[in-house]
Amino acid sequence: MSGAHEHPAGPTWLWLAAIPLVLFLLLAWGLVRQPLPWQFDAAWIPSLSVSLAFRIDGLSALMLALVTGIGTWVFVYASGYLAHEPRRGRLFAVLLLFMLAMVGAVSADNVIVLFLFWELTSLTSFLLVGFQHRRSHARSAARQALLITMGGGLALLGGLTLLAQITGSWTLSGIVAAAPAHLADARLPYALLLVLLGAFTKSAQFPFHFWLPNAMSAPTPVSAYLHSATMVKLGIYLMARLDAAFNDLLLWEATLVATGTVTAVWAGVLALRERDLKRILARSTVSALGTLTLLVGLPNPGAGLAVVTFLFAHALYKAPLFMVAGNIDHATGTRIIDHLMGLRRAMPWTAAVAVLAGLSMAGLPLSFGFVAKDVMSAAKAEAEVLALVSYATVFVNAISVAVAGVAAVRVFWGPPETARGPVHEVSWRMLLPPLAIVLLGMEFDFVPTADPLLLAAARVIAPGLGAADLSASYGLDVLLSATGLTVLVGLAFFLSWDRLHQRLQAMHWLDRYGPAATYELLLRGLALLAARQTRLLQHGRLTGYLRLALAALLGMGAFAWMNSDTRLSLSWTWPPQAWAWLVAGVLIVAGAGAALRLRDRLAVLMASGLVGYGSAALFLFAGAPDLAFTQFAVETVLVVVAASVLPHYGTGQARAVPWHAGDLLLAAAAGLGTFLLLAHLDGLPPDTRLADWFGANSLPAAHGRNVVNVIIVDFRALDTLGEIAVVAFSLLAALPLLAGLKRGTPT
Amino acid sequence: MSPRSTLLAQSARPVYLLLLTAALWILLRGHNEPGGGFIGGLVAVAGSSLLAITLGTHSARRWQPLPPLSLAMLGVGLALASGLVGPVTGLPFLTHVWTDSGLSTVMLFDLGVFCAVWGALTGYVYALLEEG
Amino acid sequence: MSWLTGFVLAAGAAALMGFYRLLAGPTRTDRAVGLDILFSVAIVLALLAAWASGRTVYLDVAIGLALIGFVATLAWARLIQGGDRGDRP
Amino acid sequence: MSTLLALVISLAVAAGVLLLLSRDLFRLIVGLAVLGSAVNLIVFMAARPGSLIPPVIESGAQQLAAGAANPLPQALVLTAIVIGFALLCFALVLGAWLARATADDDPDALRETEPVATDPVKPPQEEA
Amino acid sequence: MKRLLALGLLGINFLKDVVTSGWTTTLIILFRGRSLRPGFVRLAYGELPDTAANFLGALVTLTPGTTTVDIDLERREFLLHLLDMDHADATLDSIRRDFLRPIRILSGGAP
Amino acid sequence: MGTRPRLRRSVSLLGTAALVLCAALLLHAVLTRGTQSMALGNWPLPYAIQFAADGLSAALVLIAAGLGAAVLLVESVWREGGAAPGLHPLLHGLLAACCAVFLAADLFNLYVWFELMLIATLGLLVLGAQRRHAEAAFKYFALSMLGTLLMLAAVGLIYGATGQLNFAALRAVAEQPQLAAVLPVYVALLALALLLKAGAFPLFAWLPASYHTLPAPVLALAGGLLTKVAAYVLLRLLGDVFAATPGVLVEALGWLAVVTMVTGVLGAAYHWDVRRILAFHIVSQIGYLLLGIALATPAAAAGTAFFLFHNILVKANLFLIAGLMWRAAGHYDLRRIGGLYPARPLLALLFLLSAFSLVGVPPTSGFWGKFMLLREAFAEGRYVWGGVALAVGLLTLYSMSKIWLEGFWKPHPAEGAVLAAPPRAAYAGVILLSLLILLMGVFPEPIVHGVQSATAQFWSVR
Amino acid sequence: MIAIGWALCALAILLLLIAAAGILRLPDALARQHAATKAATLAVSLFALGLMLVAWGSGWGWAWIGRLALLVLILLLTLPLASHALARAGVAERQQGA
Ligand code: NA
Ligand code: NA
């Protein structure tokens, strides 16, 4: 990636940035011209109540602004970053597809349409993470991201479907509107847990957080765009959107607050274990996502504002920081912070961006201060829990100060690394985007251009939010007091980074027992389970297959028998022809039994032929001369065929029947089952309407006296047509085998 | 003992002709008495097998109108064709038609059955008997 | 039990004896011989069915049996004469 | 009456099952043939056999005599017999081919398409 | 005319032999069983067209107690299997007398 | 026969084209004029054998015909394992039998067509005339025969109990109270036979033992159609003809479906041969179909039908794609191939589409089928069934990603391996099917509406 | 006439039983072959003759008599072939065994 091999230039694809730019401008123009929300609805699959329903309110607009705004700069950055990448065309195509998917996901109102775009972002993310697919690490990271986010996506589908069925609406707005009336529905907790599973996986919440750092094997523009600024926020977005409906639900609040807190803290700790700059940033992103989840979970309206503000701010500083990491990687060929020192002279512009973004990151607590105050005042009874949460936020915040220090200070200051060759600043296309984004972020801090949008977004989450709350949140005193504490702790973390790192790195049990290890364990377990099942069910032994199939058929047949109203009826009348049946029956049974006892194959064949001869004899005394004749003739021709095929079966002796007890049991069960079925049939009165009609119409209408034959060639001639097709095809099918036998040595 | 029996060799052809005659007879009267295409076909197979066993498959093939597979396919084709008379006249598939002289597509159909059985099964018999 | 029934049972007894030969061998020719008598029994049974039902259709079955039954015996004889390949490929 | 036939058919089915599981290629096919015959008899039982009068309209009569056997199951069984026979012929040839190619008559030795698993995660490679 | 007579004679002889040797065979089965001594004999048939030889072989086979195993057209002899070797000569005599002679006449040869 | 392969291929292709045309006309007739029925031989019903085409069966005939056309198109350039004269007749026989099953409204006639399917498949299996082909055919035969015999016995018993074979007549008779109590055992036997033919747990051993030995185009047709035909018949019989089957049996079917789904994907997870992986996924997908049947509502029947359409096309397409992978990379074993993504991007794209359709990612055809089933499972309170269906989707994703990672992304294990170019016409067949899949995914409304109205009367007795 | 027919039939059945006993009692395959093919087939023919008489006496007509005569003819025509083939098989098998 560091440009060791120069590739022919080709198109830079810089112009692609115009697409998000145009979309961004359209959005801005729209926001000025047209009050929110904007709605669009077109029929798609009315039979499934799936319509192309889109609804853009404040929250959607905020997300759209991020997606298209940051998207514009990411495309510019990528055109520089990938200038030497020969297959960048594909990457740009997927990136563009991703952007469109994001646009769709955050504007969709119909839950199925939302799900569609949601999955599309997972898919494109998969392709982008695996861009360096020649490396096995990239492949497995891509697969991990795919399995976790799409797995969560499936849960989301289940959850959304349930939600829709509970509320009777297939649109998000409809669900949010109708939900309060259905809070007592017993299905609701499951629906919400499923939805949250989807959101948590997408937004890398504990215990699904580990895919995000691994996804850093994607090229940096992708990391900056998908895995920090936009896609990972999709889960937050969905939770925030549903929060208006489920805010008062304890389950909702508890799950979100707990998960968010654990994620934020844990990711902060893990950030300290990393040496790779991008992975450090990724951990801190997870931490920020945890904070966002926690904020969504908090019940008071102010938290809603905090969510949107933090979400917005995070995107504006984290994307530039990723680009900084990318620039360093690009220039030096490494991202390991131990090898990165004093780069500020070689890369002054990058250093400047890093400092500005780091400041923003460290100076963020405006939202936290706000939250802390609001939380303390709003909730009184649950003081201890919430106190814990607020301690956690201080810790998390301090970590982000430390991370900002690492990214913005540590790598640029200090003595330059001498072991490496000369390092040059990167091209303008890789400098301008982070600089622009970070400056934009500062502009929003000082000039509240974005305030209306943020407020509109916050009101989607917390409809009760008043205009006053916004200004209150910017109270300088709170800001300062909170900042003071966190900066102090953060500074301590920053200074003791290496010592903390070594201490944490030594805790190998974290690698062994963490969720990431669990994921690997599950994958291995799946393979082992599959192997075990294969040995059990696909062992390759035909007799075993037959045994299992017979046992299953018998068992399931018995189940059906038990569960239906069956009665047995055995009649023991003994008409004269029954003596003939007895003779035939003895032949049948004796033949079948002898086939078991005999060893000479020829004799086995003869004995089994008796079953046919016996049947024919039976037919003779049951008014079926045609059948008897056919059966006799078939047995005769069978003898001819079998006698000519028998020599191919090797020695004349067949294997002795092993007489396994289990097989005997199966056979006995099969026999008993047959007997019961026939006895059952005997109890039913025969319905001869078809036979009567055939008998009455055979001669007058079909000109034949032999009713069986008339049925065969006329009344049910189609059966016969199929049957002779089977006969003819049986020869056709056997031709290759016959040819092989004729050659003498089949291969 | 001579390797081949002259008694069997000499009686095979007349008996074959007898069997074939019987087969055709069974085929033709099957509509009114026991018999029909299947049984007729099976009897013909027995006849051809007799020839193949006693005189070899070469003469058995010579005494059959078509090679086995072709005969079998012709049989299926005949049966299909007899069924197509209906659709041509706007009636459902397999609607049989009778002429005043007693001829009918039923006979064609049954002949198809006969040929299919005769062809397919003799195909097996010949191929198996003439190995190596 | 009528006379016809007696005939049927007697034919059945003959069939069983043939079946015993089939089972006991010891040579393959013995088995074929055992099977051959079953043809005769079958024809007798067809005749008995005709007699019992008063229908000639069963006579046709008997004729058909007589026509093709011996072909099976010829096939067995050929197999026995040809013998087993014995050797495995 | 039908108890007798039911008993006969059941015994044939039991024997067929044992043949099927007897671990001999040829006996397995024979077992299927026996089962096939038994099933044909089951279908035939649908007619509640009992009449000796064949379903053939006597000369002079215009329709089938009352009390004649039910012709429909007979037609069905006839079709089934011929189909089963065609399949049996194919099976006998297939079995012979396999017996010669594998020089074995154990159906459980047919392992070329499903080789024995050795490695629990990555099964053995095979030629294709 | 002579041939017609021969044919009639042959038919009568055949029926007679079927009945008598049928009876002998029945007795053999019923009373001699295991102590029986079956065996092979050769019977030269002399001047006779091939078809007639085959016909004779078939007739011999039809008669209980004797079966034609082989007809050697080169050496003009039958290989017969006899159920009862103890009366082999009588059996061969009756074959020559009852069957061979009329068939010679039938096929146009000297008796 | 056998001497002029080009003529044979042309005739064969023309025949399929004619079949497609007829099927399209039939579907058109059904859509404009309602259910089409033909009493064969012009005898009155229920005495004659009936062919009946409602929206469901007509659509299936069209899909089968289209699949046949695509497969024959691919076959025309394939030449795997030499030119076998029996191939085209057998393929046509198989296709004809499948179409006949879709149309037949007569129990015994159904059995006959299943037999034709069986023998045609056996013929196709042994065409290669190698040992593995014969082994596959033998296992297929031995196990399938159990199903065939059971089916015949059940048909006989049902006739014996009801005196009827025609579907409409059976439907009328089965509702009679004295039969409603005793018929279910026989119907259950018939269902068991069909479950074996469909490859349900634990009756599927024949499938992974045999399918992978077929040449790719044949495999596409067999893998696409065979088990699905049985599933269709099961839907038709349980949902339409014998809708009064007791709930406990139908519920048992649902649990069987669940186990089938799981064992299918687990079986696939073990394997590294693309065809084997896909073969086991057939089993898993059959589980979905059985689930849809077991839900026993018209909406679930509609979902089952949609899933059926989708699955036939996607499965066949994936097998064709596997064939193309083999042509390009030289092997079916994922451990021996690689590098297809950079070398054959079009193939990669086509695979992704079908793979994600199999997983059920929107907006592919597979999603709508799964969604319809999931929705109905939840609506019926079958949360475990629906949940397992979702989880199995994840495991399907696992297998598909394995193929993608190993076959497409991973570099080819042989240093400097040059990938071959599969024939263009083969691509044409795959693209044709892919377009259908895409179309079904993006514009599903007509099909959804169609299956909903075709199955509106299903399970009406319950 | 009917009575004679009956008697012939009874005799034929007896002969059939004796033939069957023959294949149990006679010493080797070739000897048993005599009983199975000839004795049994002749017994069948005799039965057919008996039935012919019964049919004649009962006035069942030529449909019966003609068919039965045809049966006897066919039996006499095919019997030597089966018997001859079996004998050859027996001899061949004996030679193989030696
Ligand atoms: Na909240
Ligand atoms: Na809130």
# chains A, B, ... in the order shown; residues from 1 in each chain; ligands from 1
call {"tool": "residues_near_ligand", "arguments": {"ligand": "ligand 1", "cutoff": "6 Å", "atoms": "only C-alpha atoms and all ligand atoms", "output": "MDAnalysis selection string"}}
result
chainID A and resid 243 247 296:299
call {"tool": "write_last_selection", "arguments": {"atoms": "N, CA and C atoms", "output": "PDB file, in the first residue's frame"}}
result
ATOM      1  N   ASP A 243     -36.289   5.067  20.196  1.00  0.00           N
ATOM      2  CA  ASP A 243     -36.258   5.482  21.595  1.00  0.00           C
ATOM      3  C   ASP A 243     -37.497   6.287  21.966  1.00  0.00           C
ATOM      4  N   ASN A 247     -38.868   4.697  25.278  1.00  0.00           N
ATOM      5  CA  ASN A 247     -38.082   5.389  26.279  1.00  0.00           C
ATOM      6  C   ASN A 247     -38.477   4.993  27.700  1.00  0.00           C
ATOM      7  N   VAL A 296     -28.500   7.027  24.448  1.00  0.00           N
ATOM      8  CA  VAL A 296     -29.840   6.745  23.921  1.00  0.00           C
ATOM      9  C   VAL A 296     -30.690   6.130  25.019  1.00  0.00           C
ATOM     10  N   GLY A 297     -30.064   5.282  25.809  1.00  0.00           N
ATOM     11  CA  GLY A 297     -30.819   4.587  26.837  1.00  0.00           C
ATOM     12  C   GLY A 297     -31.297   5.483  27.950  1.00  0.00           C
ATOM     13  N   LEU A 298     -30.603   6.545  28.188  1.00  0.00           N
ATOM     14  CA  LEU A 298     -31.009   7.409  29.302  1.00  0.00           C
ATOM     15  C   LEU A 298     -32.387   7.999  29.026  1.00  0.00           C
ATOM     16  N   PRO A 299     -33.200   8.066  30.035  1.00  0.00           N
ATOM     17  CA  PRO A 299     -34.608   8.416  29.797  1.00  0.00           C
ATOM     18  C   PRO A 299     -34.883   9.917  29.633  1.00  0.00           C
TER      19      PRO A 299
END
call {"tool": "interface_residues", "arguments": {"of": "chain E", "to": "chain G", "cutoff": "10 Å", "atoms": "only C-alpha atoms", "output": "PDB file with N, CA and C atoms, in the first residue's frame"}}
result
ATOM      1  N   VAL E  18     -45.147 -93.692 -23.700  1.00  0.00           N
ATOM      2  CA  VAL E  18     -45.366 -92.705 -22.647  1.00  0.00           C
ATOM      3  C   VAL E  18     -46.072 -93.364 -21.476  1.00  0.00           C
ATOM      4  N   VAL E  19     -47.099 -94.162 -21.796  1.00  0.00           N
ATOM      5  CA  VAL E  19     -47.866 -94.783 -20.721  1.00  0.00           C
ATOM      6  C   VAL E  19     -47.019 -95.821 -19.992  1.00  0.00           C
ATOM      7  N   SER E  21     -43.651 -96.380 -19.966  1.00  0.00           N
ATOM      8  CA  SER E  21     -42.481 -95.910 -19.229  1.00  0.00           C
ATOM      9  C   SER E  21     -42.902 -94.921 -18.158  1.00  0.00           C
ATOM     10  N   GLY E  22     -44.029 -94.261 -18.357  1.00  0.00           N
ATOM     11  CA  GLY E  22     -44.569 -93.425 -17.286  1.00  0.00           C
ATOM     12  C   GLY E  22     -44.867 -94.264 -16.066  1.00  0.00           C
ATOM     13  N   TRP E  23     -45.483 -95.398 -16.321  1.00  0.00           N
ATOM     14  CA  TRP E  23     -45.818 -96.324 -15.239  1.00  0.00           C
ATOM     15  C   TRP E  23     -44.537 -96.824 -14.566  1.00  0.00           C
ATOM     16  N   THR E  25     -41.621 -95.428 -14.506  1.00  0.00           N
ATOM     17  CA  THR E  25     -41.005 -94.331 -13.773  1.00  0.00           C
ATOM     18  C   THR E  25     -41.694 -94.124 -12.440  1.00  0.00           C
ATOM     19  N   THR E  26     -43.040 -94.167 -12.471  1.00  0.00           N
ATOM     20  CA  THR E  26     -43.790 -93.999 -11.229  1.00  0.00           C
ATOM     21  C   THR E  26     -43.387 -95.055 -10.219  1.00  0.00           C
ATOM     22  N   LEU E  27     -43.289 -96.276 -10.713  1.00  0.00           N
ATOM     23  CA  LEU E  27     -42.898 -97.353  -9.807  1.00  0.00           C
ATOM     24  C   LEU E  27     -41.497 -97.132  -9.260  1.00  0.00           C
ATOM     25  N   ILE E  28     -40.636 -96.689 -10.167  1.00  0.00           N
ATOM     26  CA  ILE E  28     -39.251 -96.443  -9.739  1.00  0.00           C
ATOM     27  C   ILE E  28     -39.221 -95.426  -8.620  1.00  0.00           C
ATOM     28  N   ILE E  29     -39.958 -94.308  -8.849  1.00  0.00           N
ATOM     29  CA  ILE E  29     -39.960 -93.248  -7.838  1.00  0.00           C
ATOM     30  C   ILE E  29     -40.501 -93.771  -6.526  1.00  0.00           C
ATOM     31  N   LEU E  30     -41.588 -94.524  -6.636  1.00  0.00           N
ATOM     32  CA  LEU E  30     -42.270 -94.932  -5.422  1.00  0.00           C
ATOM     33  C   LEU E  30     -41.493 -95.993  -4.656  1.00  0.00           C
ATOM     34  N   PHE E  31     -40.867 -96.927  -5.385  1.00  0.00           N
ATOM     35  CA  PHE E  31     -40.352 -98.088  -4.673  1.00  0.00           C
ATOM     36  C   PHE E  31     -38.847 -98.242  -4.709  1.00  0.00           C
ATOM     37  N   ARG E  32     -38.177 -97.605  -5.673  1.00  0.00           N
ATOM     38  CA  ARG E  32     -36.732 -97.871  -5.724  1.00  0.00           C
ATOM     39  C   ARG E  32     -35.934 -96.687  -5.172  1.00  0.00           C
ATOM     40  N   GLY E  33     -36.394 -95.472  -5.473  1.00  0.00           N
ATOM     41  CA  GLY E  33     -35.771 -94.290  -4.885  1.00  0.00           C
ATOM     42  C   GLY E  33     -34.268 -94.323  -4.920  1.00  0.00           C
ATOM     43  N   ARG E  34     -33.674 -94.400  -3.752  1.00  0.00           N
ATOM     44  CA  ARG E  34     -32.234 -94.208  -3.603  1.00  0.00           C
ATOM     45  C   ARG E  34     -31.403 -95.340  -4.200  1.00  0.00           C
ATOM     46  N   SER E  35     -32.013 -96.504  -4.268  1.00  0.00           N
ATOM     47  CA  SER E  35     -31.228 -97.634  -4.738  1.00  0.00           C
ATOM     48  C   SER E  35     -31.107 -97.641  -6.262  1.00  0.00           C
ATOM     49  N   LEU E  36     -31.670 -96.648  -6.871  1.00  0.00           N
ATOM     50  CA  LEU E  36     -31.686 -96.596  -8.337  1.00  0.00           C
ATOM     51  C   LEU E  36     -30.284 -96.328  -8.871  1.00  0.00           C
ATOM     52  N   ARG E  37     -30.002 -96.892 -10.088  1.00  0.00           N
ATOM     53  CA  ARG E  37     -28.701 -96.664 -10.702  1.00  0.00           C
ATOM     54  C   ARG E  37     -28.900 -96.019 -12.072  1.00  0.00           C
ATOM     55  N   PRO E  38     -28.919 -94.685 -12.128  1.00  0.00           N
ATOM     56  CA  PRO E  38     -29.063 -94.017 -13.423  1.00  0.00           C
ATOM     57  C   PRO E  38     -27.723 -93.964 -14.144  1.00  0.00           C
ATOM     58  N   GLY E  39     -27.727 -93.653 -15.426  1.00  0.00           N
ATOM     59  CA  GLY E  39     -26.459 -93.575 -16.135  1.00  0.00           C
ATOM     60  C   GLY E  39     -26.621 -93.145 -17.578  1.00  0.00           C
ATOM     61  N   PHE E  55     -35.644 -84.646 -34.221  1.00  0.00           N
ATOM     62  CA  PHE E  55     -37.009 -85.027 -33.888  1.00  0.00           C
ATOM     63  C   PHE E  55     -37.003 -86.276 -33.021  1.00  0.00           C
ATOM     64  N   GLY E  57     -34.567 -87.250 -31.153  1.00  0.00           N
ATOM     65  CA  GLY E  57     -34.066 -86.855 -29.833  1.00  0.00           C
ATOM     66  C   GLY E  57     -35.172 -86.297 -28.973  1.00  0.00           C
ATOM     67  N   ALA E  58     -36.031 -85.468 -29.569  1.00  0.00           N
ATOM     68  CA  ALA E  58     -37.125 -84.875 -28.817  1.00  0.00           C
ATOM     69  C   ALA E  58     -38.092 -85.936 -28.337  1.00  0.00           C
ATOM     70  N   LEU E  59     -38.390 -86.902 -29.214  1.00  0.00           N
ATOM     71  CA  LEU E  59     -39.329 -87.961 -28.835  1.00  0.00           C
ATOM     72  C   LEU E  59     -38.764 -88.792 -27.696  1.00  0.00           C
ATOM     73  N   VAL E  60     -37.485 -89.097 -27.805  1.00  0.00           N
ATOM     74  CA  VAL E  60     -36.842 -89.880 -26.749  1.00  0.00           C
ATOM     75  C   VAL E  60     -36.933 -89.126 -25.436  1.00  0.00           C
ATOM     76  N   THR E  61     -36.695 -87.839 -25.508  1.00  0.00           N
ATOM     77  CA  THR E  61     -36.759 -87.041 -24.306  1.00  0.00           C
ATOM     78  C   THR E  61     -38.161 -87.015 -23.727  1.00  0.00           C
ATOM     79  N   LEU E  62     -39.149 -86.960 -24.621  1.00  0.00           N
ATOM     80  CA  LEU E  62     -40.534 -86.902 -24.150  1.00  0.00           C
ATOM     81  C   LEU E  62     -40.917 -88.144 -23.362  1.00  0.00           C
ATOM     82  N   THR E  63     -40.307 -89.234 -23.702  1.00  0.00           N
ATOM     83  CA  THR E  63     -40.656 -90.467 -23.028  1.00  0.00           C
ATOM     84  C   THR E  63     -40.032 -90.497 -21.644  1.00  0.00           C
ATOM     85  N   PRO E  64     -40.803 -90.814 -20.649  1.00  0.00           N
ATOM     86  CA  PRO E  64     -40.240 -90.848 -19.300  1.00  0.00           C
ATOM     87  C   PRO E  64     -39.108 -91.845 -19.215  1.00  0.00           C
ATOM     88  N   GLY E  65     -38.117 -91.499 -18.398  1.00  0.00           N
ATOM     89  CA  GLY E  65     -37.023 -92.422 -18.158  1.00  0.00           C
ATOM     90  C   GLY E  65     -35.827 -92.223 -19.057  1.00  0.00           C
ATOM     91  N   THR E  66     -36.012 -91.545 -20.185  1.00  0.00           N
ATOM     92  CA  THR E  66     -34.877 -91.311 -21.078  1.00  0.00           C
ATOM     93  C   THR E  66     -34.813 -89.838 -21.443  1.00  0.00           C
ATOM     94  N   THR E  67     -33.599 -89.323 -21.473  1.00  0.00           N
ATOM     95  CA  THR E  67     -33.429 -87.931 -21.883  1.00  0.00           C
ATOM     96  C   THR E  67     -32.246 -87.843 -22.828  1.00  0.00           C
ATOM     97  N   THR E  68     -32.438 -87.127 -23.918  1.00  0.00           N
ATOM     98  CA  THR E  68     -31.331 -86.903 -24.827  1.00  0.00           C
ATOM     99  C   THR E  68     -30.448 -85.815 -24.249  1.00  0.00           C
ATOM    100  N   VAL E  69     -29.188 -86.151 -23.982  1.00  0.00           N
ATOM    101  CA  VAL E  69     -28.272 -85.139 -23.476  1.00  0.00           C
ATOM    102  C   VAL E  69     -27.557 -84.467 -24.632  1.00  0.00           C
ATOM    103  N   ASP E  70     -27.221 -85.244 -25.627  1.00  0.00           N
ATOM    104  CA  ASP E  70     -26.464 -84.674 -26.733  1.00  0.00           C
ATOM    105  C   ASP E  70     -26.740 -85.460 -28.000  1.00  0.00           C
ATOM    106  N   LEU E  80     -27.543 -90.531 -24.314  1.00  0.00           N
ATOM    107  CA  LEU E  80     -28.798 -90.547 -23.559  1.00  0.00           C
ATOM    108  C   LEU E  80     -28.518 -90.701 -22.087  1.00  0.00           C
ATOM    109  N   HIS E  81     -29.395 -90.120 -21.302  1.00  0.00           N
ATOM    110  CA  HIS E  81     -29.359 -90.373 -19.864  1.00  0.00           C
ATOM    111  C   HIS E  81     -30.542 -91.249 -19.521  1.00  0.00           C
ATOM    112  N   LEU E  82     -30.246 -92.359 -18.880  1.00  0.00           N
ATOM    113  CA  LEU E  82     -31.313 -93.294 -18.521  1.00  0.00           C
ATOM    114  C   LEU E  82     -31.518 -93.268 -17.019  1.00  0.00           C
ATOM    115  N   LEU E  83     -32.790 -93.300 -16.670  1.00  0.00           N
ATOM    116  CA  LEU E  83     -33.118 -93.288 -15.248  1.00  0.00           C
ATOM    117  C   LEU E  83     -32.719 -94.608 -14.603  1.00  0.00           C
ATOM    118  N   ASP E  84     -32.844 -95.632 -15.379  1.00  0.00           N
ATOM    119  CA  ASP E  84     -32.630 -96.970 -14.820  1.00  0.00           C
ATOM    120  C   ASP E  84     -31.685 -97.751 -15.725  1.00  0.00           C
TER     121      ASP E  84
END
call {"tool": "residues_near_ligand", "arguments": {"ligand": "ligand 2", "cutoff": "10 Å", "atoms": "only C-alpha atoms and all ligand atoms", "output": "VMD selection string"}}
result
chain A and resid 239 to 248 253 295 to 307 458 to 465
call {"tool": "closest_residue", "arguments": {"among": "D:Ala68, D:Ala38, D:Leu52, D:Leu92", "to": "chain B", "atoms": "only C-alpha atoms"}}
result
D:Leu92
call {"tool": "atom_distance", "arguments": {"atom1": "CA of Lys278 in chain A", "atom2": "CA of Arg335 in chain A"}}
result
6.9 Å
call {"tool": "atom_distance", "arguments": {"atom1": "CA of Phe78 in chain E", "atom2": "CA of Leu51 in chain B"}}
result
23.5 Å
call {"tool": "residues_around", "arguments": {"residues": "Val93 in chain D", "least_positions_apart": "5", "cutoff": "8 Å", "atoms": "only C-alpha atoms", "output": "list in words"}}
result
Val645, Ala734, Leu737 and Leu738 of chain A
call {"tool": "atom_distance", "arguments": {"atom1": "CA of Arg8 in chain F", "atom2": "CA of Ala428 in chain F"}}
result
19.9 Å
call {"tool": "interface_residues", "arguments": {"of": "chain B", "to": "chain G", "cutoff": "9 Å", "atoms": "only C-alpha atoms", "output": "list in words"}}
result
Met1, Ser5, Leu7, Leu8, Ser11 and Val15 of chain B
call {"tool": "select_by_dssp", "arguments": {"residues": "range 235-394 of chain F", "states": "helix (DSSP H, G or I)", "output": "ChimeraX atom specification"}}
result
/F:235-241,247-270,274-295,298-329,334-336,340-343,345-359,365-379,383-394
call {"tool": "residues_around", "arguments": {"residues": "Ala127 in chain B", "least_positions_apart": "2", "cutoff": "8 Å", "atoms": "only C-alpha atoms", "output": "ChimeraX atom specification"}}
result
/A:738-739,742 /B:123-125,129-131
call {"tool": "closest_residue", "arguments": {"among": "A:Ala733, A:Leu741, A:Val176, A:Val426", "to": "Leu125 in chain F", "atoms": "only C-alpha atoms"}}
result
A:Ala733
call {"tool": "interface_residues", "arguments": {"of": "chain A", "to": "chain C", "cutoff": "8 Å", "atoms": "only C-alpha atoms", "output": "number ranges by chain"}}
result
A: 576-577, 579-580, 583-584, 587, 594, 598, 602-603, 606-607, 617, 620-621, 625-626, 628-629, 632-633, 636-637, 639-640, 643-644, 647-648, 650-652, 745
call {"tool": "closest_atom_pairs", "arguments": {"of": "chain D", "to": "chain C", "cutoff": "10 Å", "atoms": "only C-alpha atoms", "output": "CSV"}}
result
residue,atom,partner,partner_atom,distance
D:Ser51,CA,C:Ser53,CA,9.2
D:Leu52,CA,C:Ser53,CA,5.9
D:Ile53,CA,C:Ser53,CA,6.2
D:Pro54,CA,C:Val57,CA,8.0
D:Val56,CA,C:Val57,CA,8.5
D:Glu58,CA,C:Arg55,CA,9.2
D:Ala99,CA,C:Arg88,CA,8.9
D:Arg100,CA,C:Pro89,CA,6.1
D:Ala101,CA,C:Pro89,CA,7.5
D:Thr102,CA,C:Pro89,CA,8.6
D:Ala103,CA,C:Arg88,CA,6.0
D:Asp104,CA,C:Arg88,CA,8.7
call {"tool": "residues_around", "arguments": {"residues": "Arg29 in chain B", "least_positions_apart": "3", "cutoff": "12 Å", "atoms": "only C-alpha atoms", "output": "ChimeraX atom specification"}}
result
/A:704-706,709-710 /B:22-26,32-37,39-40,106-107,110-111 /C:57,60
